[in-house]
file my_file.txt (compact mmCIF, C-alpha atoms)
# COMPACT_ATOMS: atom_id res chain seq x y z
CA MET A 1 -88.30 3.64 -89.94
CA ASP A 2 -84.95 3.32 -91.67
CA PHE A 3 -82.03 2.18 -89.57
CA ASP A 4 -79.26 4.79 -89.55
CA PHE A 5 -76.26 2.47 -89.83
CA GLN A 6 -73.87 5.26 -90.65
CA GLY A 7 -74.89 7.25 -87.59
CA LEU A 8 -74.36 4.25 -85.33
CA LEU A 9 -70.95 3.57 -86.80
CA LEU A 10 -69.99 7.19 -86.32
CA ALA A 11 -71.13 7.08 -82.69
CA VAL A 12 -69.10 3.94 -82.03
CA LEU A 13 -66.02 5.47 -83.66
CA ILE A 14 -66.34 8.50 -81.41
CA ALA A 15 -67.21 6.57 -78.21
CA VAL A 16 -64.33 4.09 -78.32
CA PRO A 17 -61.51 6.67 -78.32
CA VAL A 18 -63.31 8.70 -75.68
CA ALA A 19 -63.73 5.64 -73.41
CA PHE A 20 -60.09 4.72 -73.96
CA ALA A 21 -58.99 8.25 -73.10
CA LEU A 22 -61.12 8.31 -69.96
CA GLY A 23 -59.80 4.90 -68.87
CA TRP A 24 -56.21 5.96 -69.51
CA ALA A 25 -56.72 9.18 -67.53
CA ALA A 26 -58.28 7.27 -64.64
CA SER A 27 -55.43 4.77 -64.58
CA ARG A 28 -52.90 7.58 -64.55
CA MET A 29 -54.70 9.20 -61.65
CA ASP A 30 -54.73 5.85 -59.78
CA LEU A 31 -51.04 5.35 -60.57
CA ARG A 32 -50.16 8.81 -59.32
CA GLN A 33 -52.21 8.23 -56.17
CA TRP A 34 -50.47 4.91 -55.62
CA ARG A 35 -47.10 6.55 -56.08
CA ARG A 36 -48.00 9.30 -53.66
CA ASP A 37 -49.15 6.74 -51.06
CA SER A 38 -46.02 4.68 -51.61
CA ARG A 39 -43.77 7.71 -51.23
CA ALA A 40 -45.66 8.73 -48.08
CA SER A 41 -45.23 5.24 -46.62
CA MET A 42 -41.52 5.22 -47.41
CA ARG A 43 -41.11 8.68 -45.92
CA ALA A 44 -42.84 7.54 -42.75
CA TYR A 45 -40.68 4.41 -42.64
CA PHE A 46 -37.44 6.36 -42.99
CA GLU A 47 -38.63 9.00 -40.55
CA GLY A 48 -39.28 6.31 -37.96
CA LEU A 49 -35.92 4.71 -38.72
CA ASN A 50 -34.17 8.04 -38.24
CA LEU A 51 -35.88 8.47 -34.88
CA LEU A 52 -34.73 5.00 -33.86
CA LEU A 53 -31.14 5.80 -34.79
CA ASN A 54 -31.40 8.89 -32.62
CA GLU A 55 -32.70 6.70 -29.75
CA GLN A 56 -36.12 8.36 -29.75
CA GLN A 57 -38.19 5.21 -29.50
CA ASP A 58 -41.38 6.89 -28.26
CA LYS A 59 -41.49 9.25 -31.25
CA ALA A 60 -40.62 6.41 -33.61
CA ILE A 61 -43.54 4.36 -32.30
CA ASP A 62 -45.90 7.32 -32.74
CA THR A 63 -44.69 7.75 -36.32
CA PHE A 64 -45.14 4.08 -37.17
CA ILE A 65 -48.60 3.93 -35.56
CA GLU A 66 -49.75 6.96 -37.55
CA SER A 67 -48.37 5.45 -40.76
CA VAL A 68 -50.03 2.09 -40.14
CA GLN A 69 -53.36 3.80 -39.51
CA ARG A 70 -52.99 5.75 -42.75
CA ASP A 71 -51.86 2.73 -44.77
CA PRO A 72 -52.90 -0.48 -42.98
CA GLU A 73 -51.77 -2.65 -45.91
CA THR A 74 -48.05 -1.87 -45.48
CA ALA A 75 -46.44 -4.97 -44.04
CA GLU A 76 -42.99 -3.47 -43.41
CA LEU A 77 -44.42 -0.82 -41.13
CA HIS A 78 -46.21 -3.52 -39.16
CA PHE A 79 -42.97 -5.45 -38.75
CA ALA A 80 -41.10 -2.35 -37.63
CA LEU A 81 -43.82 -1.45 -35.15
CA GLY A 82 -44.06 -4.98 -33.75
CA ASN A 83 -40.29 -5.23 -33.28
CA LEU A 84 -40.28 -1.90 -31.48
CA PHE A 85 -43.01 -3.02 -29.10
CA ARG A 86 -41.09 -6.24 -28.36
CA ARG A 87 -37.85 -4.38 -27.66
CA ARG A 88 -39.67 -2.12 -25.22
CA GLY A 89 -41.20 -5.09 -23.43
CA GLU A 90 -44.74 -4.32 -24.66
CA PHE A 91 -45.30 -7.90 -25.69
CA ALA A 92 -49.11 -7.80 -25.81
CA ARG A 93 -49.01 -4.96 -28.35
CA ALA A 94 -46.35 -6.75 -30.39
CA VAL A 95 -48.50 -9.88 -30.45
CA ARG A 96 -51.53 -7.89 -31.66
CA VAL A 97 -49.53 -6.33 -34.49
CA HIS A 98 -48.19 -9.65 -35.74
CA GLU A 99 -51.51 -11.46 -35.33
CA HIS A 100 -53.13 -8.69 -37.39
CA LEU A 101 -50.58 -9.35 -40.12
CA LEU A 102 -51.26 -13.09 -40.06
CA ALA A 103 -55.01 -12.47 -40.32
CA ARG A 104 -54.59 -10.73 -43.67
CA SER A 105 -55.63 -12.91 -46.59
CA ASP A 106 -53.51 -10.99 -49.10
CA LEU A 107 -50.22 -11.54 -47.26
CA ARG A 108 -47.65 -13.34 -49.38
CA ALA A 109 -46.15 -16.62 -48.17
CA PRO A 110 -42.68 -15.23 -47.28
CA GLU A 111 -44.21 -12.37 -45.31
CA ARG A 112 -46.63 -14.75 -43.60
CA GLU A 113 -43.73 -16.93 -42.42
CA ARG A 114 -41.88 -13.83 -41.28
CA ALA A 115 -44.92 -12.70 -39.30
CA GLN A 116 -45.24 -16.18 -37.77
CA LEU A 117 -41.56 -16.01 -36.76
CA ALA A 118 -42.07 -12.59 -35.18
CA LEU A 119 -45.12 -13.86 -33.28
CA ALA A 120 -43.15 -16.84 -31.94
CA GLU A 121 -40.41 -14.50 -30.76
CA ASP A 122 -43.02 -12.30 -29.05
CA PHE A 123 -44.32 -15.25 -27.06
CA MET A 124 -40.79 -16.39 -26.17
CA LYS A 125 -39.80 -12.97 -24.88
CA ALA A 126 -43.05 -12.70 -22.93
CA GLY A 127 -42.45 -16.07 -21.25
CA LEU A 128 -45.64 -17.56 -22.75
CA PHE A 129 -43.91 -20.81 -23.62
CA ASP A 130 -47.03 -22.85 -24.41
CA HIS A 131 -48.10 -20.26 -26.99
CA ALA A 132 -44.52 -20.01 -28.23
CA GLU A 133 -44.33 -23.76 -28.79
CA ASN A 134 -47.45 -23.71 -30.97
CA ALA A 135 -46.09 -20.73 -32.92
CA TRP A 136 -42.73 -22.42 -33.50
CA ARG A 137 -44.40 -25.67 -34.57
CA ALA A 138 -46.21 -23.77 -37.31
CA LEU A 139 -42.80 -22.87 -38.77
CA GLU A 140 -41.46 -26.42 -39.01
CA GLY A 141 -40.78 -27.53 -42.55
CA GLY A 142 -40.65 -23.96 -43.91
CA SER A 143 -38.01 -21.33 -44.47
CA TYR A 144 -37.44 -20.98 -40.73
CA ASP A 145 -37.34 -24.70 -39.98
CA ARG A 146 -33.88 -24.59 -38.36
CA GLU A 147 -34.80 -21.63 -36.14
CA ALA A 148 -38.04 -23.34 -35.15
CA ARG A 149 -36.36 -26.60 -34.16
CA LEU A 150 -33.66 -24.82 -32.16
CA ALA A 151 -36.33 -22.84 -30.32
CA LEU A 152 -38.37 -25.98 -29.66
CA LEU A 153 -35.22 -27.63 -28.31
CA THR A 154 -34.73 -24.71 -25.93
CA LEU A 155 -38.34 -25.05 -24.77
CA ALA A 156 -37.88 -28.78 -24.20
CA GLU A 157 -34.82 -28.04 -22.05
CA ARG A 158 -36.72 -25.43 -20.06
CA SER A 159 -39.50 -27.88 -19.34
CA ARG A 160 -36.92 -30.62 -18.67
CA ASP A 161 -38.58 -32.85 -21.23
CA TRP A 162 -35.38 -34.73 -21.99
CA ARG A 163 -36.91 -37.33 -24.29
CA ARG A 164 -38.43 -34.61 -26.45
CA ALA A 165 -35.10 -32.78 -26.37
CA LEU A 166 -33.32 -35.94 -27.51
CA GLU A 167 -35.72 -36.32 -30.43
CA LEU A 168 -35.27 -32.73 -31.56
CA ALA A 169 -31.48 -32.77 -31.13
CA GLU A 170 -31.24 -35.98 -33.13
CA ARG A 171 -33.13 -34.34 -36.00
CA LEU A 172 -30.86 -31.30 -35.84
CA ASP A 173 -27.62 -33.24 -35.46
CA GLY A 174 -25.29 -33.16 -38.44
CA GLY A 175 -27.18 -30.40 -40.23
CA SER A 176 -26.35 -26.75 -40.68
CA ALA A 177 -26.73 -26.22 -36.93
CA GLY A 178 -23.64 -28.37 -36.25
CA SER A 179 -23.14 -31.33 -33.94
CA PHE A 180 -25.47 -31.96 -31.01
CA ALA A 181 -23.70 -35.06 -29.73
CA THR A 182 -22.56 -33.46 -26.46
CA ARG A 183 -26.00 -32.04 -25.75
CA ARG A 184 -27.60 -35.39 -26.47
CA ALA A 185 -25.14 -36.97 -24.04
CA HIS A 186 -26.25 -34.50 -21.36
CA TYR A 187 -29.89 -35.41 -22.03
CA GLU A 188 -29.03 -39.09 -21.54
CA CYS A 189 -27.32 -38.20 -18.25
CA GLU A 190 -30.46 -36.38 -17.13
CA LEU A 191 -32.50 -39.46 -17.98
CA ALA A 192 -30.05 -41.60 -16.01
CA LEU A 193 -30.46 -39.39 -12.95
CA ALA A 194 -34.25 -39.59 -13.26
CA ALA A 195 -34.09 -43.37 -13.61
CA ASP A 196 -31.87 -43.66 -10.52
CA ALA A 197 -34.29 -41.51 -8.53
CA GLN A 198 -37.08 -43.93 -9.46
CA GLY A 199 -35.02 -47.02 -8.63
CA ARG A 200 -34.57 -48.10 -12.26
CA ALA A 201 -30.86 -48.89 -12.14
CA ASP A 202 -30.84 -50.83 -15.42
CA ASP A 203 -32.36 -47.92 -17.32
CA ALA A 204 -29.80 -45.60 -15.74
CA ASP A 205 -26.99 -47.89 -16.89
CA LEU A 206 -28.32 -47.91 -20.44
CA ALA A 207 -28.71 -44.13 -20.51
CA LEU A 208 -25.13 -43.61 -19.31
CA ALA A 209 -23.86 -46.11 -21.87
CA ARG A 210 -25.63 -44.17 -24.62
CA ALA A 211 -24.13 -40.94 -23.27
CA ARG A 212 -20.64 -42.44 -23.39
CA GLN A 213 -21.24 -43.60 -26.96
CA LEU A 214 -22.48 -40.18 -28.07
CA ALA A 215 -19.62 -38.20 -26.51
CA PRO A 216 -16.72 -40.44 -25.45
CA GLY A 217 -14.62 -37.47 -24.38
CA ALA A 218 -17.32 -35.76 -22.31
CA ALA A 219 -16.88 -35.59 -18.55
CA ARG A 220 -20.36 -35.90 -17.14
CA ALA A 221 -21.08 -39.54 -17.93
CA LEU A 222 -17.79 -40.61 -16.33
CA VAL A 223 -18.47 -38.47 -13.24
CA LEU A 224 -21.92 -40.00 -12.82
CA SER A 225 -20.72 -43.54 -13.54
CA GLY A 226 -18.09 -43.32 -10.82
CA GLN A 227 -20.53 -41.82 -8.31
CA ARG A 228 -23.08 -44.56 -8.96
CA LEU A 229 -20.41 -47.27 -8.58
CA GLN A 230 -19.19 -45.72 -5.34
CA ARG A 231 -22.73 -45.61 -3.91
CA ALA A 232 -23.09 -49.27 -4.81
CA GLY A 233 -19.90 -50.11 -2.89
CA ARG A 234 -17.93 -50.87 -6.06
CA ASP A 235 -15.06 -48.57 -5.15
CA VAL A 236 -12.41 -50.16 -7.39
CA GLU A 237 -14.64 -49.73 -10.44
CA ALA A 238 -15.38 -46.16 -9.35
CA LEU A 239 -11.66 -45.42 -9.22
CA ALA A 240 -11.26 -46.87 -12.72
CA ALA A 241 -14.03 -44.63 -14.06
CA TRP A 242 -12.48 -41.55 -12.48
CA ASP A 243 -9.01 -42.50 -13.72
CA GLU A 244 -10.49 -42.49 -17.20
CA LEU A 245 -12.04 -39.11 -16.43
CA ARG A 246 -8.64 -37.81 -15.32
CA ALA A 247 -7.15 -38.98 -18.61
CA VAL A 248 -9.75 -37.42 -20.93
CA GLN A 249 -10.85 -34.38 -18.87
CA PRO A 250 -8.20 -33.54 -16.25
CA ALA A 251 -9.92 -30.30 -15.22
CA ALA A 252 -13.20 -32.09 -14.49
CA PHE A 253 -11.40 -34.50 -12.16
CA LEU A 254 -11.47 -31.73 -9.54
CA LEU A 255 -15.23 -32.36 -9.17
CA VAL A 256 -14.61 -35.85 -7.77
CA ALA A 257 -11.15 -35.51 -6.18
CA GLU A 258 -12.41 -35.98 -2.61
CA ASP A 259 -14.70 -38.82 -3.70
CA TYR A 260 -11.66 -40.39 -5.33
CA ALA A 261 -9.80 -40.25 -2.02
CA ALA A 262 -12.79 -41.76 -0.17
CA ALA A 263 -13.04 -44.62 -2.68
CA ALA A 264 -9.31 -45.26 -2.39
CA LEU A 265 -9.52 -45.48 1.40
CA ALA A 266 -12.51 -47.84 1.20
CA SER A 267 -10.71 -50.12 -1.27
CA LYS A 268 -7.35 -50.04 0.60
CA ARG A 269 -5.64 -48.20 -2.28
CA ALA A 270 -4.60 -45.04 -0.49
CA PRO A 271 -0.86 -45.16 -1.42
CA ALA A 272 -1.60 -45.41 -5.16
CA ALA A 273 -4.27 -42.71 -4.90
CA ARG A 274 -1.83 -40.43 -3.05
CA GLN A 275 0.67 -40.74 -5.89
CA THR A 276 -2.07 -40.04 -8.43
CA LEU A 277 -3.29 -36.95 -6.61
CA GLN A 278 0.22 -35.61 -6.09
CA ALA A 279 1.01 -36.03 -9.78
CA GLN A 280 -2.23 -34.32 -10.69
CA TYR A 281 -1.50 -31.45 -8.31
CA ALA A 282 1.92 -30.96 -9.91
CA GLN A 283 0.15 -30.38 -13.24
CA GLN A 284 -2.84 -28.49 -11.87
CA PRO A 285 -2.38 -26.88 -8.43
CA ALA A 286 -5.89 -26.75 -7.02
CA VAL A 287 -7.44 -26.58 -3.57
CA GLU A 288 -9.68 -29.57 -4.40
CA LEU A 289 -6.64 -31.84 -4.84
CA LEU A 290 -5.06 -30.74 -1.58
CA ALA A 291 -8.35 -31.37 0.24
CA ALA A 292 -8.39 -34.89 -1.24
CA LEU A 293 -4.81 -35.49 -0.04
CA ASP A 294 -5.85 -34.27 3.42
CA ARG A 295 -8.56 -36.90 3.44
CA LEU A 296 -6.05 -39.63 2.63
CA ASP A 297 -3.80 -38.49 5.50
CA ALA A 298 -6.59 -38.13 8.05
CA ASP A 299 -5.48 -41.17 10.09
CA ASP A 300 -1.73 -40.60 9.71
CA PRO A 301 -0.07 -39.54 13.03
CA HIS A 302 2.02 -37.08 11.05
CA GLY A 303 -1.02 -35.96 9.05
CA PRO A 304 -1.45 -32.48 10.60
CA ALA A 305 2.17 -31.56 9.93
CA LEU A 306 1.98 -32.88 6.37
CA ARG A 307 -1.23 -30.99 5.71
CA ALA A 308 0.13 -27.76 7.18
CA ALA A 309 3.26 -27.96 5.04
CA ARG A 310 1.21 -28.57 1.90
CA TRP A 311 -1.15 -25.65 2.55
CA MET A 312 1.76 -23.34 3.36
CA ARG A 313 3.43 -24.15 0.08
CA HIS A 314 0.17 -23.66 -1.76
CA LEU A 315 -0.43 -20.30 -0.08
CA GLY A 316 3.02 -19.19 -1.07
CA GLN A 317 2.35 -20.06 -4.73
CA SER A 318 -1.36 -19.28 -5.04
CA PRO A 319 -2.68 -17.09 -2.20
CA SER A 320 -6.43 -17.46 -1.73
CA LEU A 321 -8.96 -17.37 1.07
CA GLY A 322 -9.97 -20.94 0.33
CA ALA A 323 -6.47 -22.18 1.04
CA ALA A 324 -6.21 -19.87 4.05
CA GLY A 325 -9.38 -21.39 5.49
CA HIS A 326 -7.93 -24.88 5.24
CA LEU A 327 -4.75 -23.73 6.98
CA LEU A 328 -6.73 -22.10 9.79
CA ALA A 329 -8.45 -25.43 10.44
CA LEU A 330 -5.08 -26.91 11.43
CA PRO A 331 -3.42 -26.38 14.82
CA PRO A 332 -1.15 -23.29 14.72
CA ALA A 333 1.57 -25.35 16.34
CA GLN A 334 1.86 -27.28 13.09
CA TRP A 335 2.45 -24.18 11.00
CA VAL A 336 5.90 -23.61 9.59
CA PRO A 337 7.60 -20.37 10.70
CA ASP A 338 6.43 -18.41 7.63
CA GLY A 339 2.87 -19.62 8.01
CA LEU A 340 1.45 -16.45 9.53
CA GLN A 341 2.96 -14.27 6.80
CA ALA A 342 1.59 -16.57 4.13
CA LEU A 343 -1.83 -16.30 5.74
CA ARG A 344 -1.65 -12.50 5.83
CA THR A 345 -0.66 -12.41 2.17
CA ALA A 346 -3.57 -14.62 1.24
CA VAL A 347 -6.10 -12.50 3.13
CA ALA A 348 -4.69 -9.25 1.72
CA GLN A 349 -4.87 -10.50 -1.87
CA ALA A 350 -8.28 -12.11 -1.57
CA ALA A 351 -9.93 -9.18 0.30
CA GLN A 352 -13.49 -10.43 0.81
CA PRO A 353 -13.82 -12.88 -2.04
CA LEU A 354 -16.59 -15.38 -2.47
CA GLN A 355 -15.85 -18.75 -3.97
CA ARG A 356 -17.92 -19.17 -7.09
CA PHE A 357 -18.28 -21.13 -10.29
CA ARG A 358 -18.64 -18.67 -13.16
CA CYS A 359 -20.25 -19.41 -16.55
CA ALA A 360 -17.75 -18.77 -19.33
CA ALA A 361 -20.58 -17.95 -21.74
CA CYS A 362 -22.61 -15.36 -19.82
CA GLY A 363 -20.74 -14.78 -16.55
CA PHE A 364 -23.52 -16.17 -14.31
CA GLU A 365 -22.01 -17.07 -10.93
CA ALA A 366 -23.16 -19.73 -8.51
CA GLN A 367 -21.87 -21.59 -5.47
CA HIS A 368 -23.14 -24.85 -6.90
CA TYR A 369 -21.61 -26.44 -10.01
CA PHE A 370 -24.04 -26.66 -12.93
CA TRP A 371 -23.65 -28.75 -16.04
CA GLN A 372 -26.12 -26.40 -17.74
CA CYS A 373 -25.99 -22.70 -16.91
CA PRO A 374 -29.28 -21.52 -15.34
CA GLY A 375 -28.73 -18.11 -16.92
CA CYS A 376 -28.02 -18.75 -20.61
CA LEU A 377 -28.74 -22.54 -20.73
CA SER A 378 -25.28 -23.31 -22.19
CA TRP A 379 -23.91 -26.78 -21.52
CA ASP A 380 -20.40 -27.36 -20.10
CA SER A 381 -19.84 -23.62 -19.79
CA TYR A 382 -18.75 -23.80 -16.13
CA PRO A 383 -15.02 -24.42 -15.60
CA PRO A 384 -14.79 -27.05 -12.83
CA GLN A 385 -12.38 -24.96 -10.74
CA ARG A 386 -13.89 -22.33 -8.48
CA ILE A 387 -13.01 -18.68 -8.86
CA GLU A 388 -12.71 -16.09 -6.14
CA ALA A 389 -14.30 -12.81 -7.14
CA LEU A 390 -15.59 -9.75 -5.34

call {"tool": "encode", "arguments": {"input": "my_file.txt", "output": "structure tokens"}}
result
Amino acid sequence: MDFDFQGLLLAVLIAVPVAFALGWAASRMDLRQWRRDSRASMRAYFEGLNLLLNEQQDKAIDTFIESVQRDPETAELHFALGNLFRRRGEFARAVRVHEHLLARSDLRAPERERAQLALAEDFMKAGLFDHAENAWRALEGGSYDREARLALLTLAERSRDWRRALELAERLDGGSAGSFATRRAHYECELALAADAQGRADDADLALARARQLAPGAARALVLSGQRLQRAGRDVEALAAWDELRAVQPAAFLLVAEDYAAAALASKRAPAARQTLQAQYAQQPAVELLAALDRLDADDPHGPALRAARWMRHLGQSPSLGAAGHLLALPPAQWVPDGLQALRTAVAQAAQPLQRFRCAACGFEAQHYFWQCPGCLSWDSYPPQRIEAL
């Protein structure tokens, strides 16, 4: 049987263009389908965004869920849905969305890091700090390294792991996040307090020395140094530490004003301390300084009259219930003639106040002075002078 070479060649010449045409048509159909799907996804995305702008979160969530079910490969819709769940406090659902994203093998590296960041934020908001720590650790060394280290530092503070906090702050210090010297000094002060509680005085001394070296102008190390010296009976050295505090942080001196008076009495230095406190009061009229002066005059036969005169003058300049309370503790016979009117003015202006320390960062109020705000975890955000607020 003769081989029909010409027929075969003709068949090949016909088949190749036909196959090419069919392939081209199929690719066009796939391209059009892809474009339709893409347009549908974008429409759903913008529809959900519009609902969010109109504060219709429930409808926005429904829209995003429907879109994700229709096109489960769209990462942006997953991110939008997860963020919505987190904002509404539905942390378990937010975690599931972001874990689903991380489980995808086709997710690109930037999107994978973004999903890991979102998952870490889910755990933080939910209060699952052990899970959050693991999620943040997975981000170290990547695009979100700074955010991860700052979050890990926050977690170390929450758990009061001051050595871990020191390590993290040292790695962050001097970088794009700014200086952490003051925070590191606070961590050293915390370690000093822990060492004192365990009877390790030498370790406490070293920690306070490191704190002073890190932040020479910070108040806390000087406050603690003076208090430790006073407890040890080294009153003259305590006064020297607090004199340094008064020079570098005059406002913080109010925290130890009465302790200063007690140390002066114990070391027979009351006259010099009285002059110091009076000079400080002239610059910064505060109830704490007057209370310290009262302590110095406790054994003076003319003490009640001196104290009454001081509190009257203070009430005339700065009416407050705190000052009024101190005046009421003195015998009325010692009051100057205008004392009752000054007291009435103070009560009228104060009108049911409560003495508080208020955080300058978040407004959290407390009767106790905090070096770190329990509300927002800011350091040194409490002005040392109490406020009186309704």

call {"tool": "closest_residue", "arguments": {"input": "my_file.txt", "among": "A:Gln198, A:Asp297, A:Asp161, A:Arg246", "to": "Ala279 of chain A", "atoms": "all atoms listed in the file"}}
result
A:Arg246

call {"tool": "atom_distance", "arguments": {"input": "my_file.txt", "atom1": "atom CA of Ala264 of chain A", "atom2": "atom CA of Leu296 of chain A"}}
result
8.2 Å

call {"tool": "atom_distance", "arguments": {"input": "my_file.txt", "atom1": "atom CA of Ala165 of chain A", "atom2": "atom CA of Leu152 of chain A"}}
result
8.2 Å

call {"tool": "residues_around", "arguments": {"input": "my_file.txt", "residues": "segment 204-206 of chain A", "least_positions_apart": "3", "cutoff": "10 Å", "atoms": "only C-alpha atoms", "output": "list in words"}}
result
Glu188, Cys189, Glu190, Leu191, Ala192, Leu193, Ala194, Ala195, Asp196, Ala197, Gln198, Gly199, Arg200, Ala201, Ala209, Arg210, Ala211, Arg212, Ser225 and Arg228 of chain A

call {"tool": "residues_around", "arguments": {"input": "my_file.txt", "residues": "Val97 of chain A", "least_positions_apart": "6", "cutoff": "9 Å", "atoms": "all atoms listed in the file", "output": "ChimeraX atom specification"}}
result
/A:78-79,81-82,119

call {"tool": "atom_distance", "arguments": {"input": "my_file.txt", "atom1": "atom CA of His368 of chain A", "atom2": "atom CA of Ala240 of chain A"}}
result
25.7 Å

call {"tool": "closest_residue", "arguments": {"input": "my_file.txt", "among": "A:Gln385, A:Thr345, A:Val256, A:Gly233", "to": "Cys359 of chain A", "atoms": "only C-alpha atoms"}}
result
A:Gln385

call {"tool": "residues_near_point", "arguments": {"input": "my_file.txt", "point": "(-47.2, -6.9, -32.2)", "cutoff": "12 Å", "atoms": "all atoms listed in the file", "output": "ChimeraX atom specification"}}
result
/A:61,65,77-102,115-123,126

call {"tool": "closest_residue", "arguments": {"input": "my_file.txt", "among": "A:Ala262, A:Pro216, A:Arg313, A:Ser143", "to": "Glu244 of chain A", "atoms": "only C-alpha atoms"}}
result
A:Pro216

call {"tool": "closest_residue", "arguments": {"input": "my_file.txt", "among": "A:Gly127, A:Pro271, A:Pro383, A:Gly141", "to": "Phe253 of chain A", "atoms": "all atoms listed in the file"}}
result
A:Pro383

call {"tool": "closest_residue", "arguments": {"input": "my_file.txt", "among": "A:Asp130, A:Arg137, A:Gln275, A:Arg158", "to": "Gly375 of chain A", "atoms": "all atoms listed in the file"}}
result
A:Arg158

call {"tool": "residues_around", "arguments": {"input": "my_file.txt", "residues": "Gln249 of chain A", "least_positions_apart": "5", "cutoff": "8 Å", "atoms": "only C-alpha atoms", "output": "list of chain:residue names"}}
result
A:Gly217, A:Ala218, A:Ala219

call {"tool": "closest_residue", "arguments": {"input": "my_file.txt", "among": "A:Ala286, A:Ala270, A:Leu139, A:Ala109", "to": "Asp300 of chain A", "atoms": "all atoms listed in the file"}}
result
A:Ala270

call {"tool": "residues_near_point", "arguments": {"input": "my_file.txt", "point": "(-7.8, -49.1, -7.1)", "cutoff": "10 Å", "atoms": "all atoms listed in the file", "output": "list in words"}}
result
Asp235, Val236, Glu237, Ala238, Leu239, Ala240, Asp243, Tyr260, Ala263, Ala264, Leu265, Ala266, Ser267, Lys268, Arg269, Ala270, Pro271, Ala272 and Ala273 of chain A
